[in-house]
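A.B. asks: Please find input14.cif (mmCIF, C-alpha atoms and all ligand atoms) on the next line:
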data_data
#
loop_
_atom_site.label_atom_id
_atom_site.label_comp_id
_atom_site.auth_asym_id
_atom_site.auth_seq_id
_atom_site.Cartn_x
_atom_site.Cartn_y
_atom_site.Cartn_z
CA MET A 1 0.00 0.00 0.00
CA LYS A 2 1.39 3.41 -1.04
CA ILE A 3 0.82 6.28 1.40
CA GLU A 4 1.26 10.00 0.67
CA ILE A 5 3.12 11.72 3.46
CA GLU A 6 1.97 15.07 4.78
CA LYS A 7 5.27 16.25 6.26
CA SER A 8 3.78 18.43 8.99
CA LEU A 9 1.71 15.47 10.22
CA LEU A 10 4.76 13.24 10.16
CA LYS A 11 6.70 15.78 12.17
CA SER A 12 4.00 15.93 14.83
CA LEU A 13 4.06 12.14 15.01
CA PHE A 14 7.83 12.11 15.54
CA VAL A 15 7.57 14.78 18.23
CA LEU A 16 4.93 12.68 19.98
CA ALA A 17 7.21 9.64 19.84
CA SER A 18 10.10 11.68 21.25
CA VAL A 19 8.07 12.57 24.33
CA VAL A 20 8.55 8.97 25.41
CA GLU A 21 12.32 9.39 25.36
CA ALA A 22 12.01 12.60 27.31
CA LYS A 23 10.31 10.63 30.09
CA ASP A 24 13.03 8.01 30.40
CA PRO A 25 16.59 9.17 31.13
CA TYR A 26 18.05 5.83 30.04
CA THR A 27 16.64 5.51 26.54
CA GLY A 28 18.27 8.56 24.90
CA GLY A 29 18.49 7.94 21.17
CA HIS A 30 16.72 4.53 21.28
CA LEU A 31 14.16 5.51 18.61
CA TRP A 32 16.81 6.90 16.27
CA ARG A 33 18.98 3.79 16.70
CA VAL A 34 16.11 1.35 16.14
CA SER A 35 15.20 3.30 13.04
CA GLN A 36 18.82 3.10 11.78
CA PHE A 37 19.14 -0.63 12.47
CA ALA A 38 15.76 -1.23 10.81
CA GLN A 39 16.88 0.57 7.66
CA LEU A 40 20.11 -1.48 7.53
CA LEU A 41 18.09 -4.67 7.87
CA GLY A 42 15.43 -3.44 5.43
CA ASN A 43 18.11 -2.65 2.86
CA SER A 44 19.74 -6.05 3.18
CA PHE A 45 16.29 -7.69 3.00
CA GLY A 46 15.79 -5.96 -0.35
CA LEU A 47 13.22 -3.26 0.46
CA ASN A 48 13.08 -0.38 -2.01
CA LYS A 49 13.50 3.26 -0.97
CA GLU A 50 9.79 3.91 -0.35
CA GLU A 51 9.36 0.72 1.64
CA ASN A 52 12.45 1.38 3.71
CA ALA A 53 11.19 4.90 4.47
CA ALA A 54 7.87 3.49 5.73
CA LEU A 55 9.84 1.05 7.87
CA ALA A 56 12.01 3.87 9.28
CA ILE A 57 8.90 5.79 10.33
CA GLY A 58 7.37 2.77 12.07
CA ALA A 59 10.66 2.03 13.81
CA PHE A 60 10.89 5.59 15.13
CA ILE A 61 7.33 5.61 16.47
CA HIS A 62 7.10 1.97 17.73
CA ASP A 63 7.18 2.71 21.48
CA LEU A 64 4.61 5.52 21.38
CA GLY A 65 2.43 3.72 23.94
CA LYS A 66 5.09 4.21 26.62
CA VAL A 67 3.64 7.69 27.15
CA GLY A 68 0.99 5.78 29.14
CA ILE A 69 3.49 3.99 31.42
CA PRO A 70 4.32 5.61 34.79
CA GLU A 71 7.83 7.07 34.96
CA SER A 72 8.42 5.25 38.24
CA ILE A 73 8.31 2.01 36.25
CA LEU A 74 9.86 3.23 32.96
CA GLY A 75 12.95 4.66 34.63
CA LYS A 76 13.19 2.27 37.58
CA LYS A 77 16.69 1.54 38.81
CA GLY A 78 16.96 -2.19 39.35
CA LYS A 79 15.10 -5.04 37.71
CA LEU A 80 11.36 -4.83 37.20
CA ASP A 81 9.17 -7.22 39.18
CA ASP A 82 6.48 -9.29 37.42
CA TYR A 83 3.73 -6.74 38.01
CA GLU A 84 5.86 -3.85 36.72
CA TYR A 85 6.84 -5.90 33.67
CA ASP A 86 3.14 -6.61 32.99
CA VAL A 87 2.46 -2.86 33.18
CA ILE A 88 5.30 -2.13 30.69
CA LYS A 89 3.84 -4.75 28.35
CA THR A 90 0.62 -2.76 28.04
CA HIS A 91 2.48 -0.14 25.95
CA SER A 92 1.84 -1.84 22.60
CA ASP A 93 -1.90 -1.92 23.30
CA ILE A 94 -1.92 1.67 24.61
CA GLY A 95 0.10 2.89 21.60
CA SER A 96 -2.26 1.29 19.09
CA GLN A 97 -5.25 2.88 20.82
CA ILE A 98 -3.58 6.32 20.79
CA ILE A 99 -2.70 6.08 17.09
CA GLN A 100 -5.85 4.50 15.68
CA SER A 101 -7.63 7.76 14.91
CA HIS A 102 -4.50 9.55 13.65
CA PRO A 103 -4.44 10.32 9.89
CA LEU A 104 -1.17 8.35 9.52
CA SER A 105 -2.48 5.39 11.51
CA ASN A 106 -2.34 3.01 8.51
CA LEU A 107 1.36 3.59 8.28
CA VAL A 108 2.36 2.77 11.86
CA TYR A 109 -0.51 0.93 13.60
CA ASP A 110 0.79 -2.56 12.97
CA VAL A 111 4.37 -1.90 14.10
CA ILE A 112 3.16 -0.11 17.23
CA ARG A 113 0.83 -2.97 18.16
CA HIS A 114 2.92 -5.95 17.07
CA HIS A 115 6.62 -5.19 17.57
CA HIS A 116 6.66 -7.48 20.65
CA GLU A 117 4.94 -10.42 18.97
CA THR A 118 7.30 -13.38 18.54
CA PRO A 119 7.31 -16.27 16.01
CA ASN A 120 6.78 -18.83 18.81
CA GLY A 121 3.47 -17.22 19.78
CA LEU A 122 4.71 -16.17 23.23
CA GLY A 123 4.79 -12.44 22.45
CA TYR A 124 2.19 -9.78 23.18
CA PRO A 125 -0.45 -8.32 23.04
CA ASP A 126 -2.21 -10.68 20.56
CA HIS A 127 0.02 -13.80 20.88
CA LEU A 128 0.40 -13.98 17.10
CA HIS A 129 2.38 -16.76 15.43
CA SER A 130 5.15 -16.25 12.89
CA GLU A 131 3.02 -16.24 9.72
CA GLN A 132 0.58 -13.74 11.28
CA ILE A 133 3.29 -11.18 12.11
CA LYS A 134 4.09 -8.70 9.36
CA THR A 135 7.65 -8.18 8.15
CA PHE A 136 7.96 -4.59 9.45
CA SER A 137 6.90 -5.65 12.96
CA LYS A 138 9.37 -8.55 12.87
CA ILE A 139 12.18 -6.24 11.74
CA VAL A 140 11.43 -3.66 14.44
CA GLY A 141 11.21 -6.46 17.05
CA ILE A 142 14.74 -7.61 16.20
CA CYS A 143 16.20 -4.09 16.07
CA ASP A 144 14.44 -3.05 19.30
CA ALA A 145 15.86 -6.06 21.15
CA PHE A 146 19.34 -5.55 19.66
CA ASP A 147 19.37 -1.93 20.80
CA ALA A 148 18.07 -2.83 24.27
CA MET A 149 20.88 -5.39 24.65
CA THR A 150 23.67 -3.09 23.45
CA SER A 151 22.47 -0.07 25.48
CA THR A 152 23.25 0.76 29.10
CA ARG A 153 20.31 0.33 31.46
CA PRO A 154 19.96 1.43 35.10
CA TYR A 155 20.98 -2.04 36.31
CA ARG A 156 23.56 -3.06 33.71
CA LYS A 157 26.05 -1.83 31.12
CA GLY A 158 25.34 -2.31 27.42
CA MET A 159 26.40 -5.71 26.08
CA GLU A 160 29.27 -6.24 23.64
CA ILE A 161 28.03 -6.50 20.05
CA GLU A 162 29.16 -10.16 19.73
CA LYS A 163 27.16 -11.24 22.76
CA ALA A 164 24.01 -9.50 21.50
CA LEU A 165 24.41 -11.09 18.04
CA ASN A 166 24.85 -14.52 19.65
CA ILE A 167 21.58 -14.04 21.55
CA LEU A 168 19.76 -13.13 18.32
CA GLU A 169 21.20 -16.26 16.72
CA ALA A 170 20.16 -18.45 19.67
CA GLU A 171 16.61 -17.03 19.61
CA LYS A 172 15.98 -17.28 15.88
CA GLY A 173 12.73 -19.04 15.10
CA LYS A 174 11.70 -18.55 18.75
CA GLN A 175 11.76 -14.91 19.79
CA PHE A 176 12.92 -13.58 16.42
CA ASP A 177 12.20 -14.40 12.78
CA GLU A 178 14.75 -16.91 11.53
CA LYS A 179 15.29 -15.53 8.03
CA LEU A 180 15.52 -11.89 9.19
CA VAL A 181 18.00 -12.73 11.96
CA GLY A 182 20.12 -14.51 9.35
CA ILE A 183 20.16 -11.31 7.29
CA PHE A 184 20.86 -9.14 10.36
CA LEU A 185 23.87 -11.30 11.29
CA ASN A 186 25.33 -10.61 7.83
CA ILE A 187 25.22 -6.82 8.22
CA SER A 188 28.77 -5.48 8.58
CA LYS A 189 29.80 -4.89 12.21
CA ASP A 190 31.13 -1.48 11.20
CA SER A 191 27.69 -0.28 10.15
CA LEU A 192 26.16 -1.56 13.40
CA LEU A 193 28.95 0.04 15.48
CA HIS A 194 28.28 3.30 13.67
CA THR A 195 24.89 3.37 15.42
CA ILE A 196 25.41 1.50 18.72
CA GLY A 197 25.94 3.96 21.59
CA HIS A 198 24.98 6.97 19.44
CA SER A 199 21.93 9.19 19.64
CA GLU A 200 22.34 10.68 16.17
CA GLU A 201 24.63 10.39 13.14
CA GLY A 202 28.19 10.88 14.43
CA ILE A 203 27.07 11.80 17.96
CA PRO A 204 28.01 9.27 20.65
CA LEU A 205 26.20 9.18 23.99
CA LEU A 206 28.29 10.34 26.95
CA GLU A 207 28.30 8.95 30.47
CA CYS A 208 27.23 10.99 33.48
CA PRO A 209 30.24 11.31 35.80
CA ALA A 210 27.94 11.22 38.83
CA CYS A 211 25.55 8.35 38.13
CA GLU A 212 26.80 6.74 34.87
CA ALA A 213 23.49 7.23 33.05
CA PRO A 214 23.81 7.95 29.31
CA ILE A 215 23.85 11.63 28.39
CA GLN A 216 22.60 12.84 25.06
CA VAL A 217 24.13 15.83 23.28
CA GLN A 218 22.54 17.44 20.24
CA LYS A 219 23.98 18.70 16.95
CA ILE A 220 23.57 22.31 18.17
CA THR A 221 25.61 21.68 21.37
CA LYS A 222 28.82 23.77 21.47
CA ASP A 223 32.13 23.55 23.29
CA GLY A 224 31.70 24.91 26.82
CA ASP A 225 27.94 24.26 27.02
CA LEU A 226 26.55 22.64 30.13
CA GLY A 227 25.22 19.10 29.81
CA VAL A 228 22.31 17.78 31.85
CA CYS A 229 21.92 14.27 33.22
CA ARG A 230 18.22 13.50 33.31
CA ALA A 231 18.75 10.58 35.68
CA CYS A 232 20.43 12.48 38.55
CA LEU A 233 19.74 16.06 37.34
CA GLY A 234 23.46 16.85 37.50
CA LEU A 235 25.02 19.61 35.38
CA PHE A 236 28.48 19.22 33.91
CA GLY A 237 30.79 20.92 31.45
CA LEU A 238 31.07 19.68 27.86
CA HIS A 239 34.31 19.98 25.95
CA ALA A 240 34.31 19.55 22.19
CA ASP A 241 37.30 17.65 20.87
CA ASP A 242 37.69 17.65 17.07
CA LYS A 243 38.69 14.01 16.96
CA LYS A 244 36.68 12.45 19.76
CA GLY A 245 33.54 14.59 19.73
CA PHE A 246 32.32 15.72 23.13
CA GLU A 247 33.87 14.86 26.47
CA VAL A 248 32.39 15.43 29.90
CA THR A 249 34.71 17.68 31.87
CA THR A 250 33.87 18.69 35.41
CA PHE A 251 30.74 17.76 37.28
CA GLN A 252 29.39 21.12 38.39
CA ARG A 253 26.40 20.71 40.68
CA PHE A 254 22.81 19.63 40.62
CA GLY A 255 20.78 21.78 38.26
CA LYS A 256 18.21 24.37 39.21
CA ALA A 257 14.74 23.93 37.77
CA GLU A 258 15.11 26.77 35.26
CA GLU A 259 18.41 25.37 34.00
CA LEU A 260 16.90 21.92 33.59
CA ALA A 261 14.00 23.43 31.66
CA GLN A 262 16.50 24.75 29.07
CA ASP A 263 17.08 21.14 28.07
CA SER A 264 13.77 20.32 26.39
CA ARG A 265 14.84 16.77 25.55
CA VAL A 266 13.01 16.75 22.24
CA ASP A 267 15.62 17.24 19.54
CA THR A 268 13.58 19.17 16.99
CA ASP A 269 16.57 19.64 14.64
CA MET A 270 17.10 15.90 14.44
CA ILE A 271 13.38 15.36 13.87
CA SER A 272 13.30 17.96 11.08
CA SER A 273 16.19 16.34 9.26
CA MET A 274 14.56 12.90 9.60
CA VAL A 275 11.29 14.26 8.19
CA GLN A 276 13.18 15.87 5.29
CA SER A 277 14.82 12.56 4.43
CA ILE A 278 11.44 10.81 3.98
CA PRO A 279 10.15 10.76 0.36
CA LYS A 280 6.69 12.19 -0.51
CA THR A 281 5.23 8.71 -0.92
CA VAL A 282 6.14 5.68 1.16
CA GLU A 283 5.03 2.09 0.81
CA LEU A 284 3.95 -0.51 3.33
CA VAL A 285 4.97 -4.13 2.85
CA GLU A 286 1.74 -6.06 3.38
CA ILE A 287 3.23 -9.42 4.32
FE FE B 301 8.25 -1.67 22.74
#
Kindly present the structure from the file in structure tokens form.
C.D. replies:
Amino acid sequence: MKIEIEKSLLKSLFVLASVVEAKDPYTGGHLWRVSQFAQLLGNSFGLNKEENAALAIGAFIHDLGKVGIPESILGKKGKLDDYEYDVIKTHSDIGSQIIQSHPLSNLVYDVIRHHHETPNGLGYPDHLHSEQIKTFSKIVGICDAFDAMTSTRPYRKGMEIEKALNILEAEKGKQFDEKLVGIFLNISKDSLLHTIGHSEEGIPLLECPACEAPIQVQKITKDGDLGVCRACLGLFGLHADDKKGFEVTTFQRFGKAEELAQDSRVDTDMISSMVQSIPKTVELVEI
């Protein structure tokens, strides 16, 4: 199915999706990374430009329903208990309800609702089996899990790439689609490493010197600016190094409310450039 894209609508959709990241100090850049991994996998799978653009949009918006999950659970330090995990799992249902009356619903509904379905039928919310899950949802499921494994969480450091790839391999046919995992494993490590640990093209995440949470800098950040850690609300100096990008210099102090408000957390420049890169017409893969 071909879908005409109204760019201003698409932009509002991306802003909405970014609100989720603003709520969770540990997921900085997750949506961008999942979208990048999905495009790499989509390319290797043989999607054309319009199909890969539709996939990129779905990948960026997939966790929309997390706006309905309490921050105390989303950003919890330490492992979630069974009840909290059940609450998190409601996000795919919540997201599909939020999006169903949106004009671009056709484009993203399935990925939002089904990115946690698994070929073995043990996924959620509809417990679909492999042949019932569409390709885009399967791709986003793999890329979402790969990013979760290689990213730092409140209770653990991000995994090495090899370990995460071995887990995908071990789970193929069970948690992840067998054929798509096979294609993912053939993507060059360099292209994956280009995205792992980054929040944008060429912009690596930093680590908070006080609490080790990931810190996101934006393209507009300059040498000498103050960085904000959304996990501990610390402020620190940022030093731009031509070769290494940004480095955290001194931890300053905990931020005042008005200083924290300067850091809106929704990177509108990044969103604008993503919207610009999407062609006028995109195409959904129906299988
Ligand atoms: Fe999700």
A.B. asks: Can you tell me, as a PyMOL selection string, what residues are no more than 8 Å from segment 38-48 of chain A when counting only C-alpha atoms, ignoring any on the same chain fewer than 2 positions away?
C.D. replies: chain A and resi 34-36+50-53+55-56+59+139-140+143+180+183-184+187
A.B. asks: Dig up all the protein and nucleic acid residues within 12 Å of (34.5, 12.9, 31.2) in the file frame, using all atoms listed in the file, and format them as a list in words.
C.D. replies: Leu205, Leu206, Glu207, Cys208, Pro209, Ala210, Glu212, Pro214, Ile215, Gly227, Phe236, Gly237, Leu238, His239, Ala240, Asp241, Lys244, Gly245, Phe246, Glu247, Val248, Thr249, Thr250 and Phe251 of chain A
A.B. asks: Between atom CA of Ala164 of chain A and atom CA of Thr135 of chain A, measure the distance and give it in Å to one decimal.
C.D. replies: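 Atom-to-atom, atom CA of Ala164 of chain A to atom CA of Thr135 of chain A, that is 21.2 Å.
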A.B. asks: Find the residues near Leu107 of chain A: any atom within 8 Å, counting all atoms listed in the file, skip ones fewer than 6 places away on the same chain, and give them as a count of residues only.
C.D. replies: 4
A.B. asks: Kindly work out which residues sit at most 7 Å from ligand FE 301 (chain B), using all atoms listed in the file, and give the list as a list of chain:residue names.
C.D. replies: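 Based on all atoms listed in the file, ligand FE 301 (chain B) is surrounded within 7 Å by A:His62, A:Asp63, A:His91, A:Ser92, A:His115, A:His116.
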A.B. asks: Find the spatial neighbours of Ser18 of chain A, counting only C-alpha atoms, within a cut-off of 10 Å - ignore same-chain residues fewer than 5 positions away - and output them as a PyMOL selection string.
C.D. replies: chain A and resi 12-13+23+28-32+60-61+63-64+67+265-268+271
A.B. asks: What's the 10 Å shell around Gln97 of chain A, counting only C-alpha atoms, without same-chain residues fewer than 4 positions away, as a PDB file with C-alpha atoms, keeping the file's coordinate frame?
C.D. replies:
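The file below, selection_25.pdb, is the result:
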ATOM      1  CA  GLY A  65       2.430   3.720  23.940  1.00  0.00           C
ATOM      2  CA  HIS A  91       2.480  -0.140  25.950  1.00  0.00           C
ATOM      3  CA  SER A  92       1.840  -1.840  22.600  1.00  0.00           C
ATOM      4  CA  ASP A  93      -1.900  -1.920  23.300  1.00  0.00           C
ATOM      5  CA  SER A 101      -7.630   7.760  14.910  1.00  0.00           C
ATOM      6  CA  HIS A 102      -4.500   9.550  13.650  1.00  0.00           C
ATOM      7  CA  TYR A 109      -0.510   0.930  13.600  1.00  0.00           C
ATOM      8  CA  ILE A 112       3.160  -0.110  17.230  1.00  0.00           C
ATOM      9  CA  ARG A 113       0.830  -2.970  18.160  1.00  0.00           C
TER      10      ARG A 113
END
A.B. asks: Out of A:Gln100, A:Gln132, A:Thr118, A:Gln218, which residue has the shortest atom-to-atom distance to Ile287 of chain A when counting all atoms listed in the file?
C.D. replies: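 Answer, going by the shortest atom-to-atom distance: A:Gln132.
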A.B. asks: For a test of reading the model, state the distance in Å between atom CA of Leu10 of chain A and atom CA of Asp126 of chain A, rounded to one decimal.
C.D. replies: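 Result for atom CA of Leu10 of chain A versus atom CA of Asp126 of chain A: 27.0 Å, one decimal.
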A.B. asks: What is the distance between atom CA of Ser96 of chain A and atom CA of His114 of chain A, in Å to one decimal?
C.D. replies: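 Atom-to-atom, atom CA of Ser96 of chain A to atom CA of His114 of chain A, that is 9.1 Å.
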A.B. asks: From the options A:Ser277, A:Lys222, A:Ala213, A:Ile99, which residue's atoms come nearest to Arg156 of chain A, counting only C-alpha atoms?
C.D. replies: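 The shortest atom-to-atom distance to Arg156 of chain A comes from A:Ala213.
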A.B. asks: Excluding same-chain residues fewer than 3 positions from Gly141 of chain A, what lies within 8 Å of it counting only C-alpha atoms, as a PyMOL selection string?
C.D. replies: chain A and resi 115-117+137-138+144-145+176
A.B. asks: Go ahead and dump the residues you just picked, C-alpha atoms, as a PDB file, in the coordinates of the input.
C.D. replies:
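What follows is the written file part_3.pdb:
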ATOM      1  CA  HIS A 115       6.620  -5.190  17.570  1.00  0.00           C
ATOM      2  CA  HIS A 116       6.660  -7.480  20.650  1.00  0.00           C
ATOM      3  CA  GLU A 117       4.940 -10.420  18.970  1.00  0.00           C
ATOM      4  CA  SER A 137       6.900  -5.650  12.960  1.00  0.00           C
ATOM      5  CA  LYS A 138       9.370  -8.550  12.870  1.00  0.00           C
ATOM      6  CA  ASP A 144      14.440  -3.050  19.300  1.00  0.00           C
ATOM      7  CA  ALA A 145      15.860  -6.060  21.150  1.00  0.00           C
ATOM      8  CA  PHE A 176      12.920 -13.580  16.420  1.00  0.00           C
TER       9      PHE A 176
END
A.B. asks: Up to 7 Å from (20.7, 2.8, 29.5) in the file's coordinates: name the residues, counting only C-alpha atoms, as number ranges by chain.
C.D. replies: A: 26-27, 151-154, 213-214
A.B. asks: My list of candidates is A:Ser188, A:Thr90, A:Gln216, A:Asn106. Which is closest to Glu286 of chain A when distances are computed with all atoms listed in the file?
C.D. replies: A:Asn106
A.B. asks: Counting all atoms listed in the file, which of A:Glu162, A:Glu4, A:Asp190, A:Asp86 gets nearest to Pro125 of chain A?
C.D. replies: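 Smallest separation from Pro125 of chain A among the options: A:Asp86.
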A.B. asks: To test the calculation: enclose all listed atoms of segment 34-37 of chain A in a box whose edges run along x, y and z, add 3 Å on each side, then state centre and edge lengths in Å to one decimal, as lines of an AutoDock Vina configuration file.
C.D. replies:
center_x = 17.2
center_y = 1.3
center_z = 14.0
size_x = 9.9
size_y = 9.9
size_z = 10.4
A.B. asks: I need the residue nearest Leu192 of chain A from this list: A:Tyr155, A:Phe37, A:Phe136, A:Tyr83. Use only C-alpha atoms for the distance.
C.D. replies: A:Phe37
A.B. asks: Using only C-alpha atoms, pick whichever of A:Ser272, A:Gln252, A:Thr195, A:Ser8 has the shortest atom-to-atom distance to Ile161 of chain A.
C.D. replies: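 Selected residue with least distance to Ile161 of chain A: A:Thr195.
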